[in-house]
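**Student:** Please find structure-v2.cif (mmCIF, C-alpha atoms) on the next line:
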data_query
loop_
_atom_site.label_atom_id
_atom_site.label_comp_id
_atom_site.auth_asym_id
_atom_site.auth_seq_id
_atom_site.Cartn_x
_atom_site.Cartn_y
_atom_site.Cartn_z
CA MET A 1 0.00 0.00 0.00
CA LEU A 2 1.49 3.29 -1.15
CA LEU A 3 1.32 6.12 1.39
CA ILE A 4 1.19 9.45 -0.44
CA PRO A 5 1.11 12.68 1.58
CA SER A 6 -0.37 15.56 -0.40
CA ILE A 7 1.01 19.11 -0.49
CA GLU A 8 -1.31 21.62 -2.14
CA VAL A 9 0.49 24.74 -3.31
CA GLN A 10 -0.66 28.13 -4.55
CA ASN A 11 1.65 31.15 -4.96
CA ASN A 12 4.41 29.08 -3.34
CA LYS A 13 2.31 28.65 -0.18
CA VAL A 14 0.90 25.48 1.31
CA MET A 15 -2.90 25.49 1.22
CA ARG A 16 -5.10 23.37 3.47
CA SER A 17 -8.62 22.23 2.71
CA ARG A 18 -10.94 22.93 5.61
CA GLU A 19 -14.38 21.95 4.36
CA GLY A 20 -15.69 19.40 1.93
CA GLY A 21 -17.90 19.40 -1.11
CA HIS A 22 -17.89 20.89 -4.58
CA SER A 23 -19.59 24.16 -3.65
CA ASN A 24 -18.26 24.88 -0.16
CA ILE A 25 -14.70 23.60 -0.09
CA MET A 26 -12.44 26.22 1.46
CA MET A 27 -8.69 26.60 1.28
CA GLU A 28 -6.56 28.53 3.71
CA ALA A 29 -2.85 29.32 3.70
CA SER A 30 -0.69 27.37 6.14
CA GLU A 31 2.42 28.49 7.98
CA GLU A 32 4.38 25.52 6.63
CA THR A 33 6.36 25.89 3.44
CA PRO A 34 6.22 23.29 0.65
CA LEU A 35 9.90 22.48 1.14
CA LYS A 36 9.62 22.00 4.91
CA LEU A 37 6.69 19.61 4.52
CA ALA A 38 8.51 17.75 1.76
CA GLU A 39 11.56 17.37 3.97
CA LEU A 40 9.40 16.03 6.81
CA TYR A 41 7.52 13.51 4.70
CA ALA A 42 10.63 12.28 2.90
CA ASP A 43 12.50 11.87 6.18
CA ILE A 44 9.68 9.81 7.68
CA GLY A 45 9.66 7.56 4.64
CA ALA A 46 6.69 8.43 2.44
CA ASP A 47 6.53 6.31 -0.71
CA ARG A 48 5.54 9.35 -2.76
CA ILE A 49 4.64 12.98 -2.28
CA HIS A 50 1.65 14.30 -4.21
CA LEU A 51 2.33 17.91 -5.15
CA VAL A 52 -0.83 19.71 -6.24
CA ASP A 53 -0.46 22.94 -8.23
CA LEU A 54 -3.73 24.61 -7.27
CA GLY A 55 -3.00 27.74 -9.28
CA GLY A 56 -2.27 25.62 -12.33
CA ALA A 57 -5.46 23.62 -11.88
CA LEU A 58 -7.58 26.76 -11.88
CA SER A 59 -5.74 28.82 -14.48
CA GLY A 60 -4.03 26.24 -16.67
CA HIS A 61 -0.70 28.00 -16.07
CA PRO A 62 1.74 25.73 -14.22
CA MET A 63 4.05 26.55 -11.31
CA SER A 64 7.56 27.75 -12.01
CA THR A 65 10.13 25.15 -12.97
CA LYS A 66 12.55 26.77 -10.51
CA MET A 67 10.24 26.00 -7.60
CA LEU A 68 9.63 22.46 -8.81
CA ARG A 69 13.33 21.76 -9.36
CA GLN A 70 14.10 22.89 -5.81
CA PHE A 71 11.29 20.71 -4.48
CA VAL A 72 12.55 17.60 -6.29
CA GLU A 73 16.17 18.19 -5.31
CA THR A 74 15.21 18.67 -1.67
CA VAL A 75 13.34 15.37 -1.51
CA GLU A 76 16.03 13.52 -3.45
CA ALA A 77 18.71 14.68 -1.01
CA ILE A 78 16.78 13.39 2.01
CA ASN A 79 15.24 10.20 0.65
CA PRO A 80 15.90 9.08 -2.92
CA ASN A 81 13.21 6.40 -2.47
CA THR A 82 10.45 9.01 -2.13
CA ALA A 83 9.00 9.69 -5.58
CA ILE A 84 7.29 12.93 -6.60
CA GLN A 85 3.99 13.03 -8.46
CA VAL A 86 2.68 16.37 -9.69
CA GLY A 87 -0.76 17.44 -10.86
CA GLY A 88 -2.61 20.64 -11.64
CA GLY A 89 -2.87 22.51 -14.92
CA ILE A 90 -1.16 19.88 -17.07
CA ARG A 91 -2.32 20.77 -20.59
CA ARG A 92 0.64 20.12 -22.94
CA LEU A 93 2.94 17.20 -23.71
CA GLU A 94 5.94 19.54 -23.48
CA GLN A 95 4.95 20.35 -19.92
CA ILE A 96 4.95 16.67 -18.98
CA GLU A 97 8.36 16.23 -20.56
CA THR A 98 9.73 19.21 -18.64
CA TYR A 99 8.42 17.85 -15.33
CA LEU A 100 9.90 14.41 -15.95
CA ASP A 101 13.24 15.94 -16.95
CA LEU A 102 13.25 17.81 -13.64
CA GLY A 103 13.04 14.53 -11.77
CA VAL A 104 9.30 14.20 -11.22
CA LYS A 105 8.44 10.51 -11.38
CA TYR A 106 4.71 10.68 -12.12
CA VAL A 107 2.52 13.33 -13.75
CA VAL A 108 -1.19 13.52 -12.94
CA VAL A 109 -3.50 14.42 -15.83
CA SER A 110 -7.14 15.40 -15.30
CA THR A 111 -8.88 18.20 -17.20
CA ALA A 112 -6.86 17.78 -20.40
CA ALA A 113 -7.81 14.10 -20.57
CA MET A 114 -11.50 15.11 -20.66
CA LYS A 115 -11.35 18.27 -22.78
CA GLN A 116 -8.53 17.62 -25.26
CA PRO A 117 -9.31 14.60 -27.47
CA GLY A 118 -6.28 12.38 -27.90
CA PHE A 119 -4.19 14.12 -25.24
CA LEU A 120 -4.18 11.25 -22.75
CA ARG A 121 -3.41 8.67 -25.44
CA ASP A 122 -0.50 10.79 -26.69
CA ALA A 123 0.76 11.35 -23.15
CA CYS A 124 0.74 7.63 -22.42
CA SER A 125 2.32 6.79 -25.78
CA ASN A 126 5.17 9.22 -25.16
CA PHE A 127 5.75 8.80 -21.45
CA GLY A 128 4.63 5.27 -20.69
CA GLU A 129 3.87 4.42 -17.10
CA SER A 130 4.66 7.89 -15.75
CA ILE A 131 1.08 9.06 -16.34
CA ILE A 132 -1.61 8.98 -13.65
CA LEU A 133 -5.20 9.75 -14.62
CA ALA A 134 -7.10 11.75 -12.00
CA LEU A 135 -10.82 11.11 -11.82
CA ASP A 136 -12.27 13.66 -9.41
CA ALA A 137 -15.93 12.92 -8.87
CA ILE A 138 -19.12 14.43 -7.51
CA ASP A 139 -21.75 11.72 -7.00
CA GLY A 140 -19.78 9.52 -9.39
CA LYS A 141 -19.60 12.19 -12.12
CA VAL A 142 -16.22 13.59 -13.10
CA ALA A 143 -15.48 17.28 -12.42
CA VAL A 144 -12.81 19.28 -14.25
CA ASP A 145 -11.23 22.78 -14.21
CA GLY A 146 -10.07 22.49 -10.62
CA TRP A 147 -13.39 20.85 -9.61
CA GLN A 148 -15.34 23.87 -10.85
CA THR A 149 -17.16 22.12 -13.71
CA LYS A 150 -19.17 18.94 -13.31
CA THR A 151 -19.42 16.78 -16.43
CA LYS A 152 -21.90 14.08 -17.41
CA ASN A 153 -19.16 11.43 -17.54
CA ASP A 154 -19.18 8.82 -14.80
CA ILE A 155 -15.92 7.51 -13.41
CA PHE A 156 -16.58 3.89 -14.35
CA SER A 157 -17.14 4.47 -18.06
CA LEU A 158 -14.11 6.77 -18.27
CA ALA A 159 -11.88 4.37 -16.38
CA LYS A 160 -12.95 1.60 -18.74
CA LYS A 161 -12.39 3.83 -21.77
CA PHE A 162 -8.80 4.58 -20.74
CA GLU A 163 -8.01 1.18 -19.23
CA ASN A 164 -5.67 0.08 -22.00
CA TYR A 165 -3.70 3.33 -22.29
CA ASN A 166 -0.74 2.00 -20.26
CA LEU A 167 -1.55 4.26 -17.32
CA ASN A 168 0.49 3.99 -14.16
CA SER A 169 -2.68 4.27 -12.09
CA ILE A 170 -5.97 6.10 -11.60
CA LEU A 171 -6.26 8.61 -8.77
CA PHE A 172 -9.89 8.65 -7.62
CA THR A 173 -11.03 11.52 -5.41
CA ASP A 174 -14.50 11.78 -3.93
CA ILE A 175 -14.82 15.57 -3.93
CA ALA A 176 -17.68 15.62 -1.41
CA ARG A 177 -15.38 14.04 1.16
CA ALA A 178 -12.27 16.11 0.45
CA GLY A 179 -11.18 17.98 3.57
CA THR A 180 -14.00 16.57 5.72
CA LEU A 181 -12.17 13.81 7.64
CA SER A 182 -15.33 11.76 7.10
CA GLY A 183 -13.58 8.65 5.80
CA LEU A 184 -12.71 7.48 2.32
CA ASN A 185 -15.43 6.32 -0.07
CA VAL A 186 -14.66 2.65 0.41
CA GLU A 187 -17.56 1.30 -1.61
CA MET A 188 -16.95 3.37 -4.74
CA THR A 189 -13.19 2.87 -4.53
CA ALA A 190 -13.63 -0.89 -4.33
CA GLU A 191 -16.14 -0.92 -7.19
CA LEU A 192 -13.81 1.13 -9.37
CA ALA A 193 -10.82 -1.08 -8.58
CA ARG A 194 -12.74 -4.22 -9.46
CA SER A 195 -14.01 -2.76 -12.72
CA VAL A 196 -10.64 -2.10 -14.41
CA ASN A 197 -7.16 -3.60 -14.62
CA VAL A 198 -5.49 -0.36 -13.53
CA PRO A 199 -4.23 0.27 -9.97
CA ILE A 200 -6.42 2.70 -8.03
CA ILE A 201 -5.18 5.36 -5.61
CA ALA A 202 -7.86 6.56 -3.18
CA SER A 203 -8.29 10.16 -2.05
CA GLY A 204 -10.80 12.33 -0.24
CA GLY A 205 -11.85 12.07 3.40
CA LEU A 206 -9.00 10.10 4.97
CA HIS A 207 -9.26 10.35 8.75
CA THR A 208 -7.55 7.64 10.79
CA LEU A 209 -5.49 4.45 10.53
CA ALA A 210 -8.76 2.56 10.23
CA ASP A 211 -9.25 4.11 6.78
CA ILE A 212 -5.85 2.85 5.67
CA GLU A 213 -6.66 -0.61 7.02
CA GLN A 214 -9.83 -0.60 4.90
CA MET A 215 -7.78 0.24 1.80
CA MET A 216 -5.20 -2.42 2.64
CA ALA A 217 -8.02 -4.98 2.70
CA LEU A 218 -8.76 -4.00 -0.92
CA GLU A 219 -5.23 -4.41 -2.27
CA SER A 220 -6.10 -7.72 -3.90
CA ASP A 221 -8.92 -5.91 -5.74
CA GLY A 222 -6.49 -3.38 -7.18
CA VAL A 223 -6.33 -0.55 -4.63
CA ALA A 224 -2.66 0.43 -4.62
CA GLY A 225 -2.40 3.49 -2.41
CA VAL A 226 -3.97 6.35 -0.52
CA VAL A 227 -3.42 10.12 -0.61
CA MET A 228 -3.10 11.75 2.80
CA GLY A 229 -4.03 15.40 3.30
CA ARG A 230 -5.90 17.10 6.13
CA ALA A 231 -5.57 14.10 8.44
CA LEU A 232 -1.82 14.70 8.60
CA TYR A 233 -2.22 18.45 9.11
CA ASP A 234 -4.78 18.04 11.88
CA GLY A 235 -2.98 15.13 13.53
CA THR A 236 -5.83 12.61 13.35
CA LEU A 237 -3.31 10.39 11.57
CA LEU A 238 0.47 10.23 11.95
CA LEU A 239 2.54 9.32 8.92
CA GLU A 240 4.96 7.37 11.14
CA GLU A 241 2.12 5.17 12.42
CA ALA A 242 0.78 4.64 8.91
CA CYS A 243 4.23 3.56 7.70
CA ASP A 244 4.53 1.14 10.64
CA LEU A 245 1.10 -0.29 9.85
CA VAL A 246 1.92 -0.90 6.21
CA ASP A 247 5.43 -2.20 6.91
CA GLY A 248 4.05 -4.61 9.50
CA ALA A 249 1.71 -6.11 6.90
CA LEU A 250 4.54 -6.92 4.47
#
Can the structure from this file be put into structure tokens for me?

**Tutor:**
Amino acid sequence: MLLIPSIEVQNNKVMRSREGGHSNIMMEASEETPLKLAELYADIGADRIHLVDLGGALSGHPMSTKMLRQFVETVEAINPNTAIQVGGGIRRLEQIETYLDLGVKYVVVSTAAMKQPGFLRDACSNFGESIILALDAIDGKVAVDGWQTKTKNDIFSLAKKFENYNLNSILFTDIARAGTLSGLNVEMTAELARSVNVPIIASGGLHTLADIEQMMALESDGVAGVVMGRALYDGTLLLEEACDLVDGAL
């Protein structure tokens, strides 16, 4: 089970989600810096760090390569086994190539996969298993443009459509649970994992170690990891304890 702390960044500041749901999710700036959090998570032994470019997701204009290079180099110096995955505002193949050249291991594609025909196929053809497809859903329907636009596409049909694209994995987020600490959507995550031959990473609502145990029970169904956000910030879950739990199951 991959443990993936999330760092959401806007204007070089860490942002925390405080409420859940498509219409009332709130973000507030944190005192931590992206680099300090990255250092902490890498030192503890996170498998990956999920860097979310919130400004890029909303505007389509990605973060500076200088900031990203510094982020990657910082993590690499502390723990070369901690991979970086980046999402938010990925719209061009050249952008993916730049990120990978900087040392990012995985690139998360969302809006462009829905709104630019052929983009996801081209991304997977060019960059193989470095591509993660993000399916962010409201009541099972995918939302795009930084969660601002709900589409008519359901996650199951889209996952099936892209199943054979050589994706690294699918990152499924239940938007209604994001930032709520109400628990992951176990049922929908399990259903999605069983419906396709692509590893599923769960996100949205993580609260305690019990949530990770539920995901671990679904590993044989194809659930490969979990993204950890507000639970780490608020201390309802400690990354050290999560690592011990997963290591003890190996």

**Student:** When you count all atoms listed in the file, which of these residues is closest to Asp247 in chain A: A:Leu54, A:Cys124, A:Ile96, A:Ala46?

**Tutor:**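 Smallest distance to Asp247 in chain A is found for A:Ala46.
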
**Student:** Just checking: using all atoms listed in the file, which residue out of A:Ile90, A:Leu237, A:Ala249, A:Ala38 ends up closest to Gly55 in chain A?

**Tutor:**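 The shortest atom-to-atom distance to Gly55 in chain A comes from A:Ile90.
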
**Student:** When you draw a straight line from CA of Ala224 in chain A to CA of Val186 in chain A, how long is it in Å?

**Tutor:**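 CA of Val186 in chain A lies 13.2 Å from CA of Ala224 in chain A.
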
**Student:** I'd like to know which of A:Asp154, A:Glu219, A:Asp211, A:Asp244 is closest to Leu135 in chain A, using only C-alpha atoms.

**Tutor:**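 Answer, going by the shortest atom-to-atom distance: A:Asp154.
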
**Student:** Using the chain letters and numbers from this file, what does the PyMOL selection byres ((chain A and resi 76) around 12) select? Give the answer as a PyMOL selection string.

**Tutor:** chain A and resi 35+38-39+41-43+45+48-49+69-75+77-84+102-105

**Student:** Got time to write the residues from that selection, C-alpha atoms, as a PDB file, keeping the file's coordinate frame?

**Tutor:**
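Result file is result-v4.pdb:
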ATOM      1  CA  LEU A  35       9.900  22.480   1.140  1.00  0.00           C
ATOM      2  CA  ALA A  38       8.510  17.750   1.760  1.00  0.00           C
ATOM      3  CA  GLU A  39      11.560  17.370   3.970  1.00  0.00           C
ATOM      4  CA  TYR A  41       7.520  13.510   4.700  1.00  0.00           C
ATOM      5  CA  ALA A  42      10.630  12.280   2.900  1.00  0.00           C
ATOM      6  CA  ASP A  43      12.500  11.870   6.180  1.00  0.00           C
ATOM      7  CA  GLY A  45       9.660   7.560   4.640  1.00  0.00           C
ATOM      8  CA  ARG A  48       5.540   9.350  -2.760  1.00  0.00           C
ATOM      9  CA  ILE A  49       4.640  12.980  -2.280  1.00  0.00           C
ATOM     10  CA  ARG A  69      13.330  21.760  -9.360  1.00  0.00           C
ATOM     11  CA  GLN A  70      14.100  22.890  -5.810  1.00  0.00           C
ATOM     12  CA  PHE A  71      11.290  20.710  -4.480  1.00  0.00           C
ATOM     13  CA  VAL A  72      12.550  17.600  -6.290  1.00  0.00           C
ATOM     14  CA  GLU A  73      16.170  18.190  -5.310  1.00  0.00           C
ATOM     15  CA  THR A  74      15.210  18.670  -1.670  1.00  0.00           C
ATOM     16  CA  VAL A  75      13.340  15.370  -1.510  1.00  0.00           C
ATOM     17  CA  ALA A  77      18.710  14.680  -1.010  1.00  0.00           C
ATOM     18  CA  ILE A  78      16.780  13.390   2.010  1.00  0.00           C
ATOM     19  CA  ASN A  79      15.240  10.200   0.650  1.00  0.00           C
ATOM     20  CA  PRO A  80      15.900   9.080  -2.920  1.00  0.00           C
ATOM     21  CA  ASN A  81      13.210   6.400  -2.470  1.00  0.00           C
ATOM     22  CA  THR A  82      10.450   9.010  -2.130  1.00  0.00           C
ATOM     23  CA  ALA A  83       9.000   9.690  -5.580  1.00  0.00           C
ATOM     24  CA  ILE A  84       7.290  12.930  -6.600  1.00  0.00           C
ATOM     25  CA  LEU A 102      13.250  17.810 -13.640  1.00  0.00           C
ATOM     26  CA  GLY A 103      13.040  14.530 -11.770  1.00  0.00           C
ATOM     27  CA  VAL A 104       9.300  14.200 -11.220  1.00  0.00           C
ATOM     28  CA  LYS A 105       8.440  10.510 -11.380  1.00  0.00           C
TER      29      LYS A 105
END

**Student:** Where's the centre, and what are the edge lengths in Å to one decimal, of a box along x, y and z enclosing all listed atoms of range 72-91 of chain A padded 8 Å per side, as JSON?

**Tutor:**
{"center_x": 7.9, "center_y": 14.5, "center_z": -9.3, "size_x": 37.6, "size_y": 32.1, "size_z": 38.6}

**Student:** In Å to one decimal, how far is CA of Asp174 in chain A from CA of Ile138 in chain A?

**Tutor:**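 Atom-to-atom, CA of Ile138 in chain A to CA of Asp174 in chain A, that is 6.4 Å.
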
**Student:** What do you get, as a list in words, if you spell out every residue that the PyMOL selection byres ((chain A and resi 194) around 12) selects here?

**Tutor:**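 For this structure, the PyMOL selection byres ((chain A and resi 194) around 12) captures Phe156, Ala159, Lys160, Glu187, Met188, Thr189, Ala190, Glu191, Leu192, Ala193, Ser195, Val196, Asn197, Val198, Pro199, Ile200, Leu218, Glu219, Ser220, Asp221, Gly222 and Val223 of chain A.
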